[in-house]
Every structure is written in C-alpha cells, then in structure tokens.
Protein chains: 4
Amino acid sequence: MSNTLKKHWKTKLHEIIYEADTPAGKLFDIVLLIIIIASIILVMLESVKSFDTNYHNFLNISEWIITILFSIEYIARIITVKKPLKYIFSFYGIVDLLSTIPKYISLLFGGVHALAALRALRLLRVFRILKLARYLGASNTLLKALKASRVKISVFLFTVIIISITLGTIMYLIEGEENGFTNIPKSVYWCIVTLTTVGYGDIAPATPLGQFIASIVMILGYGIIAVPTGIISAEYASQNKTDKKIDIQLNSQSCQNCLAENHKDSSKFCYSCGEKLHV
Amino acid sequence: MSNTLKKHWKTKLHEIIYEADTPAGKLFDIVLLIIIIASIILVMLESVKSFDTNYHNFLNISEWIITILFSIEYIARIITVKKPLKYIFSFYGIVDLLSTIPKYISLLFGGVHALAALRALRLLRVFRILKLARYLGASNTLLKALKASRVKISVFLFTVIIISITLGTIMYLIEGEENGFTNIPKSVYWCIVTLTTVGYGDIAPATPLGQFIASIVMILGYGIIAVPTGIISAEYASQNKTDKKIDIQLNSQSCQNCLAENHKDSSKFCYSCGEKLHV
Amino acid sequence: MSNTLKKHWKTKLHEIIYEADTPAGKLFDIVLLIIIIASIILVMLESVKSFDTNYHNFLNISEWIITILFSIEYIARIITVKKPLKYIFSFYGIVDLLSTIPKYISLLFGGVHALAALRALRLLRVFRILKLARYLGASNTLLKALKASRVKISVFLFTVIIISITLGTIMYLIEGEENGFTNIPKSVYWCIVTLTTVGYGDIAPATPLGQFIASIVMILGYGIIAVPTGIISAEYASQNKTDKKIDIQLNSQSCQNCLAENHKDSSKFCYSCGEKLHV
Amino acid sequence: MSNTLKKHWKTKLHEIIYEADTPAGKLFDIVLLIIIIASIILVMLESVKSFDTNYHNFLNISEWIITILFSIEYIARIITVKKPLKYIFSFYGIVDLLSTIPKYISLLFGGVHALAALRALRLLRVFRILKLARYLGASNTLLKALKASRVKISVFLFTVIIISITLGTIMYLIEGEENGFTNIPKSVYWCIVTLTTVGYGDIAPATPLGQFIASIVMILGYGIIAVPTGIISAEYASQNKTDKKIDIQLNSQSCQNCLAENHKDSSKFCYSCGEKLHV
C-alpha cells in the first residue's frame, strides 16, 4: 500500500516536472523559466566589471540560491524517472548537470576564467524553454518545413562556403597584404562578411579592381539570400496545408519510462515503449 | 427641436472627425495628416542647432499654431463622442493629449531637455494615420497574416535572442576585453549586430578563432532570415486567398457610442453596442 | 506615288526605331544599347582625375561621336512619328533630349560642374533598355505583382519611416550629441542605416541603454524585411498562375500615330487610336 | 578474350570514377572530396606567413602528395572515357588539369606570386562536389526554379545596376571629393555597398542632403530584396508541385561514350548518343 502511494507521488511529481498540461506543470515551467532568465542576467552582470565590484556579495548570494534551486530540480528529475541513467546521459540531462556544478567547483578551485567558461554552458539550458514553445503548437509546422528542406539548405550553405573560399582567394591575390587581406583565411572571412551583407568595414577593398569584385560579391550575396527564403517559403506553405488537413492534437506528456514525447491526446500507452501513460 | 438640431450638428462633426467616407471626413484626415507631418518636421528642425539659433521665432510661432490646432481637435473629439471618458483614456486619446500639452507646460517650466522628451511623444501621433491606411483596405490581409503568425514569429525572435546570448558569451571568452568585447552584454550586443547583418564594425573580432565563430554567426544570421519570411509569405498567401473569397466591404465608420470600428457597408447598428449607425 | 514611297520609307524607319520584332529593329536596339553603355563608361572615366588628364583628347572625341549619334537618333525619332510633339514631350522624349544636349551646351559655356550634373541625366536613358527587357516577356508578371501590392508596399514603407522617426528621436534623447547623435534628422538617418541592416558604423551607440535600443531596432529591421517579401511572394505567385492561364502573346509594335504599345499579335488596328498597324 | 576483359576493367573503373551509385563509386567520391578539402586547407595555411615559416617542409610534402593523387585521378579519367579529348576540353577536364599542374610548374620556375594565382584555380575543383550534391536529389528542383526565373533575375540585377549608376552619379555631385566620393566609379561602388545593405562605412555621406539620399538608397535596397525572393519563392513552389507529381528517378550514371548524365533508372541506352549503358 505504501508502495503504491509512493508510486503515485512519484507519478504526480513526474507530471509536474516533465509535462505542461496540468496547472501545476505549467506553473513549474514558468517558475523554472524565470529562474533560468534570472541566472543568465546574473552571469551577464557579473561580467560587467563596475557592477561586479559594487555588488559582489549580492551576485554571490543570488548565484548560490539559483545553484541550490537547480540542484533540487536536477535531483527531482532523477528520482521521478524510471530509468535515471537514460535521463542523466540525455542532452538535457547533461545540460542540467553542467549548468548546476560550476558554483560547486568554484568552492574547490576558484579559478576565475575557467569558471566563466563553465557558466557560459548554463545558457544552453534556456533551450529547454523551446520545449515549452513547442507545446504552444507554434514551431511544429516550422520544424517540419526545416527538416524537409534540410538537404537543400545544406547544399545552399555549401555553395556559400565555396563562393567565399574562391572569391576570398581571388581578393587575396588582388588586394594583397597592404590593404588588410593578409592571408587567405582572412580574405575568406572578409568574403563571408561581405556576402552575408554584414559589412563590418574592418577590412575593405582599396584597389579599383578589388572594389569591382567586391561589388559582384555584394550583389551575389544580396541575390542568393532569395534562395533559402524561397525554399523555406515553399516547404512551409505545403507543410502548412498538410498540417491544417491532419491537425493531430499532441500534448506535452512525456513517458515516465523512456521519456518519449509528442503523445496524441487519445493515447493511453507510450508509442515507443508501451508503458501506460497517466492521462 | 433645438436639441435634435444640436444632436444633428454633433453627429455631423463626429462623422467628419472620426470617419473617412464622406468628402468632409477625407479632407479633415488629409489636413490633419499635413499638420502632423509639419509638426514632426518642426520638432526635427528645432534639434538642429544652427537652424534653431537662426529661426527661433519662426519655430516658436509655428509650434504655437500647431499646438492650438491640436487643442481644438482634441476638444472637438471629446465633444462629439457620447462617452468622452472612454475616448480620453483610449490609446489615441492619451497620445492626442500628450502630443498637445508639451508647449503649454513649457510656459510654466521651460526646461529644455525634459520638453524634448515630451515632444518626442508627439511622433506617436502619426500612428493615427495608419488608421487611414487601413481604410485603404491595404493592411487588412497583412495584419491578419501577422496575427496568424504571431506565435511563430515570437518563437523565432526568442531563438534569435538565445543564439545571441549563447554566441555572445562564447565570443566574450574567446576575444576578451583587449578586442573590445569588454563584457557579456556588450558581446551579446555585438552578436545581435552581426546576426542581423547590420555590422557596424565598432566591435569586430580580431583573433582567427573569433573570426571563424563570427563567420558562423553571419552565415547563421544570413540563413535564418529565411524563416520569418517563409512564415509570413505562406500565411499571407493563404490569408490572401481567403480574403479574396469572402471580400466583405468594410467602411471607415466609427460608432458614436462605443467607438467600435470596421462596420460592414450594410450595417445599420453597431455590432458591439447596438447603437444606430449614421450611414 | 512618291508620297506613298516616302510614307513607306517612314513606316519602315518607324519599325526599326520603335519596334524590336524585325531583325533590323533588334539590331538597332542592340547597337543603341552598346552606345548608351559606352557613353556611361565615358562619363564614369571622365570623373576619374588620373584618367581624364592622360586621355583627355580621346574622351573628348568619343563624347562628340556619341553626341552626334544620339542627335541623329533623336531627329529620326521625331521624323518617323506622326505626332512629333507627343514624342518630344513624352518621358523618353525629354530624356533623349537631355542626354544629347550637354556637349552642345559645353561649346557655349564650358562650365565644368554644371555640365557634370547635366551628363548625369544621360544615365536615365538606360531605362529605355528596360523597355527592351519588357519585350523579353520577363518583367510583365513582376510589374503586375508590384502594381497589385503597390498600396501594401507604401503602407510598409510608411511604417518603416514612422519607426525610424520615433526611434531616431528616442536615440537622440538617450545618446545625445557627445556620441554623434547631434540632432534628430541625423538620429533618424542613423535609425534608417540600422533598420535597413546597412550599418555603416559612422554613428554607433555608445551607452548601454543606447545599445539595448539599437539591438531592438536591428531585430525589428531584421524581422520586418519579411513583410514586403511575403507580400510580393504571394502576389507574384497568384499573378504567375493567372498569367500562365491567359498567356496572351504581346509584340513590341508601337503605333505610329499615338505611340501606344503592347499590341496583341493578332491586332491589325491600334487599340488606343484605331490607326492601322503595319504587321 | 583479353580484350573483353580489358574492356570490362575499363568499364568498372569508369563506373567508380564517374558515377556514385555503386559502393565503390560512392567511396571514390568521398575520398576525392576529402583530398580536395585537404588541398584547399593547405593552400589557405600556406598563405598564413607564421604558419608557412614554421611548417614549410610539411606543407611542401603534403602538396606533392596531393598533386600526385590528382595526377593519378586525371590520367584514370582520360583512360576510362571512350572519347578522351571530349573530357580534356570539357569544363571539368580543364579544371582538373589546372588544379594539378601548378606544383609541376613550380619545379621549373618557382615564381611565388604567379603560383598562388594558379593554385587559386584549384578551388574551382570543389564545384565537382556539387555534382555529388545533385545526386542527393536536393538541388534539382532548385536548379529548375533558378532556370525558370533566369530572365527575371537578370532584369532585376540589371535594374539594381542602373539604380546604382544613377544614384552613384547623383551622390558624386552632392558629396564630392572632400567626403570620399572621389569619382563616379567609387560613388557607384558606394551605392552598391549601400543598396545591398552591406555598409562597410569606408565611404559614408557627410552632408545632410547626401544622408537623405543615402536613406532613400537604403530603404530602396531594403525593399527591392523582396523582388528576387518573391520570384524564386513562387517559381520554386510551382516547380516543387510539378516535381512531386512526376518524380522521375534519375541516377548518377554517366555515358561512357559521350559523358551525358541524368539517365533514368529504367534507361538501358544513352538518350544522347545511343551507347549501351552498364546498369
């Protein structure tokens, strides 16, 4: 009897932590979101020297509070899953761990720059919020369109890189070291800066011939942006039509056994491992 | 009898000020548009020092004329509406007030910089002209498409911000303070400048590794612009089809009682409060 | 008899000069194109000081040859049209005159800078080549799509200008003169530079708040480019479908009487004035 | 008998080198891809002075290894084709030769800068990989869409160039030499930099009128990017529909006699010369 009660408690917690359909689950996700955003703002503020010297104690205490909250969440996630190892070595499991430990490590070593590097990983944690966004049903069509045009986008990016290398090398030969094109990698960097229409101006062609070829690069870059746009537009439009026809209602449940997601509202068992779902 | 005449006069004025279907209503909107544009040009010219010193009197008098015209319009709007308080506390009501009072306040205080701040609000007034544009039937489909892709665009913007924060932090660690990446917020600012292909060049990567990651940011920014474009293209296209099928004729009438807009040509009563419409 | 022969000769010349369906007409257009391009290259080279001092005589003689060729063409155009005044005061008529006279005027006055200004007008002449492009059947669908989205594009551009003025003014208040935002027009210029993702970097925000608002401007500019793209995509796609269904064959004939163009292949009389067409 | 065996051996090699359907053919293409990428990285590293001085021997030996591998491949390609001259003078034949000989020439002359120029041509070789990409079935629809909108894109690019020349000349007259617009070609270069939203900032308008016209150029450039995007979106979408209906399975075979490609899976004879295909 006590065992079933315990199981019930674990199922409840699993629902709160991993899902977003119940009021408690939604609240948990929103609170988590706020804590993550707060932790990112803290990391940012710490890097601002004038702020760090004035409010060092405040930053340190806040950092500890967030670290403890993250630790509790990490432990809760391990407890409520049937196969904890699968969670621990999943993408989100690793991100969760890495975003929690830096402060504990700082107790032992206290190395300033290495810690900053570890803290940067905490930012990856925000990607979990995208999971929340998916539940809003917003990015499903988009993700499908992106997947459908995956190969085409790769071919496009590949072409961009080839053009950059070819024209970057040509510009290195034309402009030379005296105009800032000191070597081919730098020329290729300049070509990407120009082709993507970013145009820092830290390196800019000075010879008439160089400016002429730069103009071609610009017009090329200005024109070929139309290609991925056209691909995604068309794929998204056709995906959008299909989606409106089918329109399956997916919920935010996650299987307690194998963590599989995107179950249909009518599903009673996990489509991936057959575990009973708690609707 | 005098009462009905007065009511008739108020109804007429309401028609002129709030609607754009009658010749008088159109004329009123165009005159208002010209005055608003003139007032914005005045605010701009006042900020140019050489112009302000040479033509101070001209600017001052013009400013007073526009302020008085705005005041008359504001009072007329209050009189002709059945529920004046609803107008006063509506978005346009507040903008109308704030765009009129700065000159009166300058009589009492005359503080230069604070006044400039208040005058800046006058610019918000131009958004009323967008209302006029809507009556041209132009932006209806567009607004519907934007509303339909609201959530998707938010997810997109959110992704852009996460990428900026993540890559901005990485660049702060790579480039460091000696190359202008003095703190994480500034690095994130640089990342947004690069990702959106603006590329000021006030901060630019100097190390080979930094330039390599910057290249990735650029190609990323160059590519993901295709995403919102694809979304809006597809939504707009499907909206456009629906609109051409339905094609309800909406006019520029605004209910005298509740200020509700977008009435159908065939409507005789307000769809929102049931007040009789004056066709 | 001599009169009909003369008429026949004029009709023939009209066909060569104004149309592009006959081999002679095509040749004439191509030769004209080459001369226009050559004349533009000459104007460009003249502005390069080192080139002008070394090859002054060559440039002067070439300029005279082109001027005389343009003069002959201008006179031929007047002779072959039934209503010469209509041609003289048409857009192309004025452009033709203005692109021919600068050299003659230089004989009388010889003012250097004023002449450069007049020569610049010669460039407008190249737009006639676009007429040629239209005969390629290429831009018809495009022009229709642009016309169909005319109002929408205007509303979009108008919104861009309003955003630029509003945010430009706000940036003027935040950054102030010490950071290069010397007055509101300059701030608005900066805002357009940023919103359109050009980003010269001649003016760049220096305060944290300014950089934050600049980031918003950039993301805004990066995002709203999707709007006109979406509009034109959708309009062009729907136009493309209609055009493929109808697909009327238009030729490059131009009525000898009223200069009306875009006649159908089956037409025997001008749809605009009833004049007989010479097929 | 020995002759048929030899023929069989040549056919086998032809299959490996020219096609990508068999496992050996795929492996060959992937190995070739890796060698090409390695050779490009070598060319890049050689241009970095600090790297070249430290690892000169390593670079020299690697270069020789790659040159020998390229030579073997070049000879194998000539042997296995029935009409070797046709291959030698084809685009890929010339690229293959030019990407192989620079090192041999350096033995005879050893001129540094001329060699760099020849080595740059080696980069063109990477375009062969695009052939591989085509076999992935990815770029077929895209290429068709680009071909279908070829004329329209040309008209668009032509318009961009005309606008650049016209507005570049106007800016030269307004800004003049004192603000960096030293001659018309440079002004046109600036106009392309601005219109394509690259915006280096090496040349930037300084006069109010110049900044006003620059703003127009920017908004123009920001807006007209929508045009090619719209064209390609629509063409790609309609192409995509047609392709999904037909969906012919093409393979990567290349005729041993005439090098014709894109044979259907069911083809037994070359559609171009009638030679038997080895399925």
# chains A, B, ... in the order shown; residues from 1 in each chain; ligands from 1
$ interface_residues --of "chain D" --to "chain B" --cutoff "12 Å" --atoms "only C-alpha atoms" --output "PyMOL selection string"
chain D and resi 48+194+196-202+208+222+225-226+229-234+237
$ write_last_selection --atoms "N, CA and C atoms" --output "PDB file, in the first residue's frame"
ATOM      1  N   VAL D  48      49.249  31.871 -44.764  1.00  0.00           N
ATOM      2  CA  VAL D  48      49.480  32.447 -43.429  1.00  0.00           C
ATOM      3  C   VAL D  48      50.981  32.392 -43.162  1.00  0.00           C
ATOM      4  N   THR D 194      25.768  50.212 -50.306  1.00  0.00           N
ATOM      5  CA  THR D 194      24.611  50.662 -49.522  1.00  0.00           C
ATOM      6  C   THR D 194      23.340  49.920 -49.927  1.00  0.00           C
ATOM      7  N   THR D 196      22.921  47.043 -51.290  1.00  0.00           N
ATOM      8  CA  THR D 196      22.903  45.633 -50.897  1.00  0.00           C
ATOM      9  C   THR D 196      22.922  45.485 -49.377  1.00  0.00           C
ATOM     10  N   THR D 197      22.796  46.587 -48.663  1.00  0.00           N
ATOM     11  CA  THR D 197      22.790  46.640 -47.189  1.00  0.00           C
ATOM     12  C   THR D 197      24.072  46.079 -46.565  1.00  0.00           C
ATOM     13  N   VAL D 198      25.191  46.093 -47.320  1.00  0.00           N
ATOM     14  CA  VAL D 198      26.468  45.664 -46.739  1.00  0.00           C
ATOM     15  C   VAL D 198      26.973  46.745 -45.782  1.00  0.00           C
ATOM     16  N   GLY D 199      27.159  47.958 -46.316  1.00  0.00           N
ATOM     17  CA  GLY D 199      27.507  49.104 -45.482  1.00  0.00           C
ATOM     18  C   GLY D 199      28.819  48.998 -44.741  1.00  0.00           C
ATOM     19  N   TYR D 200      29.950  49.020 -45.490  1.00  0.00           N
ATOM     20  CA  TYR D 200      31.262  48.987 -44.835  1.00  0.00           C
ATOM     21  C   TYR D 200      31.470  50.200 -43.929  1.00  0.00           C
ATOM     22  N   GLY D 201      31.128  51.377 -44.462  1.00  0.00           N
ATOM     23  CA  GLY D 201      31.401  52.596 -43.719  1.00  0.00           C
ATOM     24  C   GLY D 201      32.745  53.191 -44.094  1.00  0.00           C
ATOM     25  N   ASP D 202      33.473  52.587 -45.080  1.00  0.00           N
ATOM     26  CA  ASP D 202      34.730  53.204 -45.532  1.00  0.00           C
ATOM     27  C   ASP D 202      34.447  54.516 -46.253  1.00  0.00           C
ATOM     28  N   PRO D 208      23.957  66.759 -45.082  1.00  0.00           N
ATOM     29  CA  PRO D 208      22.553  66.384 -44.811  1.00  0.00           C
ATOM     30  C   PRO D 208      21.836  65.859 -46.049  1.00  0.00           C
ATOM     31  N   TYR D 222      16.582  47.861 -49.126  1.00  0.00           N
ATOM     32  CA  TYR D 222      15.920  47.048 -48.126  1.00  0.00           C
ATOM     33  C   TYR D 222      14.629  46.462 -48.699  1.00  0.00           C
ATOM     34  N   ILE D 225      14.965  43.816 -52.197  1.00  0.00           N
ATOM     35  CA  ILE D 225      15.411  42.434 -51.969  1.00  0.00           C
ATOM     36  C   ILE D 225      14.199  41.499 -52.006  1.00  0.00           C
ATOM     37  N   ALA D 226      13.026  42.062 -51.716  1.00  0.00           N
ATOM     38  CA  ALA D 226      11.796  41.278 -51.730  1.00  0.00           C
ATOM     39  C   ALA D 226      11.488  40.737 -53.125  1.00  0.00           C
ATOM     40  N   THR D 229      13.367  37.406 -54.085  1.00  0.00           N
ATOM     41  CA  THR D 229      12.849  36.422 -53.144  1.00  0.00           C
ATOM     42  C   THR D 229      11.463  35.971 -53.553  1.00  0.00           C
ATOM     43  N   GLY D 230      10.617  36.924 -53.884  1.00  0.00           N
ATOM     44  CA  GLY D 230       9.261  36.612 -54.324  1.00  0.00           C
ATOM     45  C   GLY D 230       9.274  35.751 -55.572  1.00  0.00           C
ATOM     46  N   ILE D 231      10.133  36.115 -56.543  1.00  0.00           N
ATOM     47  CA  ILE D 231      10.207  35.368 -57.798  1.00  0.00           C
ATOM     48  C   ILE D 231      10.609  33.914 -57.531  1.00  0.00           C
ATOM     49  N   ILE D 232      11.716  33.748 -56.783  1.00  0.00           N
ATOM     50  CA  ILE D 232      12.212  32.394 -56.556  1.00  0.00           C
ATOM     51  C   ILE D 232      11.234  31.583 -55.707  1.00  0.00           C
ATOM     52  N   SER D 233      10.622  32.215 -54.694  1.00  0.00           N
ATOM     53  CA  SER D 233       9.617  31.524 -53.879  1.00  0.00           C
ATOM     54  C   SER D 233       8.523  30.933 -54.756  1.00  0.00           C
ATOM     55  N   ALA D 234       7.957  31.799 -55.618  1.00  0.00           N
ATOM     56  CA  ALA D 234       6.833  31.380 -56.446  1.00  0.00           C
ATOM     57  C   ALA D 234       7.247  30.313 -57.455  1.00  0.00           C
ATOM     58  N   ALA D 237       7.979  27.060 -55.638  1.00  0.00           N
ATOM     59  CA  ALA D 237       6.750  26.410 -55.178  1.00  0.00           C
ATOM     60  C   ALA D 237       6.062  25.685 -56.321  1.00  0.00           C
TER      61      ALA D 237
END
$ atom_distance --atom1 "CA of Leu195 in chain C" --atom2 "CA of Ile165 in chain C"
11.3 Å
$ residues_around --residues "Lys103 in chain D" --least-positions-apart "3" --cutoff "7 Å" --atoms "only C-alpha atoms" --output "MDAnalysis selection string"
chainID D and resid 67 106:107
$ residues_around --residues "Leu45 in chain C" --least-positions-apart "2" --cutoff "12 Å" --atoms "only C-alpha atoms" --output "mmCIF file with C-alpha atoms, in the first residue's frame"
data_model
loop_
_atom_site.group_PDB
_atom_site.id
_atom_site.type_symbol
_atom_site.label_atom_id
_atom_site.label_comp_id
_atom_site.auth_asym_id
_atom_site.auth_seq_id
_atom_site.Cartn_x
_atom_site.Cartn_y
_atom_site.Cartn_z
ATOM 1 C CA ALA C 38 29.766 53.174 -73.874
ATOM 2 C CA SER C 39 28.563 56.710 -73.141
ATOM 3 C CA ILE C 40 28.019 55.846 -69.464
ATOM 4 C CA ILE C 41 31.507 54.333 -69.202
ATOM 5 C CA LEU C 42 32.872 57.554 -70.753
ATOM 6 C CA VAL C 43 31.045 59.727 -68.189
ATOM 7 C CA SER C 47 35.258 61.689 -63.426
ATOM 8 C CA VAL C 48 38.458 59.736 -62.622
ATOM 9 C CA LYS C 49 41.072 62.521 -62.494
ATOM 10 C CA SER C 50 44.139 60.450 -63.393
ATOM 11 C CA PHE C 51 42.317 59.062 -66.434
ATOM 12 C CA ASP C 52 40.973 62.431 -67.551
ATOM 13 C CA THR C 53 44.398 64.112 -67.554
ATOM 14 C CA ASN C 54 46.029 61.294 -69.552
ATOM 15 C CA TYR C 55 43.321 60.621 -72.136
ATOM 16 C CA HIS C 56 41.548 63.978 -72.384
ATOM 17 C CA PHE C 58 40.258 60.513 -76.536
ATOM 18 C CA LEU C 59 37.413 61.223 -74.103
ATOM 19 C CA ASN C 60 36.508 64.480 -75.870
ATOM 20 C CA SER C 62 34.401 59.850 -78.136
ATOM 21 C CA GLU C 63 31.961 62.164 -76.399
ATOM 22 C CA THR D 169 26.449 59.703 -60.015
ATOM 23 C CA THR D 182 36.411 60.933 -55.364
ATOM 24 C CA ASN D 183 34.986 59.785 -58.735
ATOM 25 C CA ILE D 184 31.857 58.238 -60.246
ATOM 26 C CA PRO D 185 33.060 54.583 -60.223
ATOM 27 C CA LYS D 186 33.821 54.955 -56.493
#
$ residues_around --residues "Phe70 in chain A" --least-positions-apart "3" --cutoff "10 Å" --atoms "only C-alpha atoms" --output "ChimeraX atom specification"
/A:32,35-36,64-67,73-76,96-97,99-101
$ atom_distance --atom1 "CA of Phe212 in chain A" --atom2 "CA of Met44 in chain C"
13.7 Å
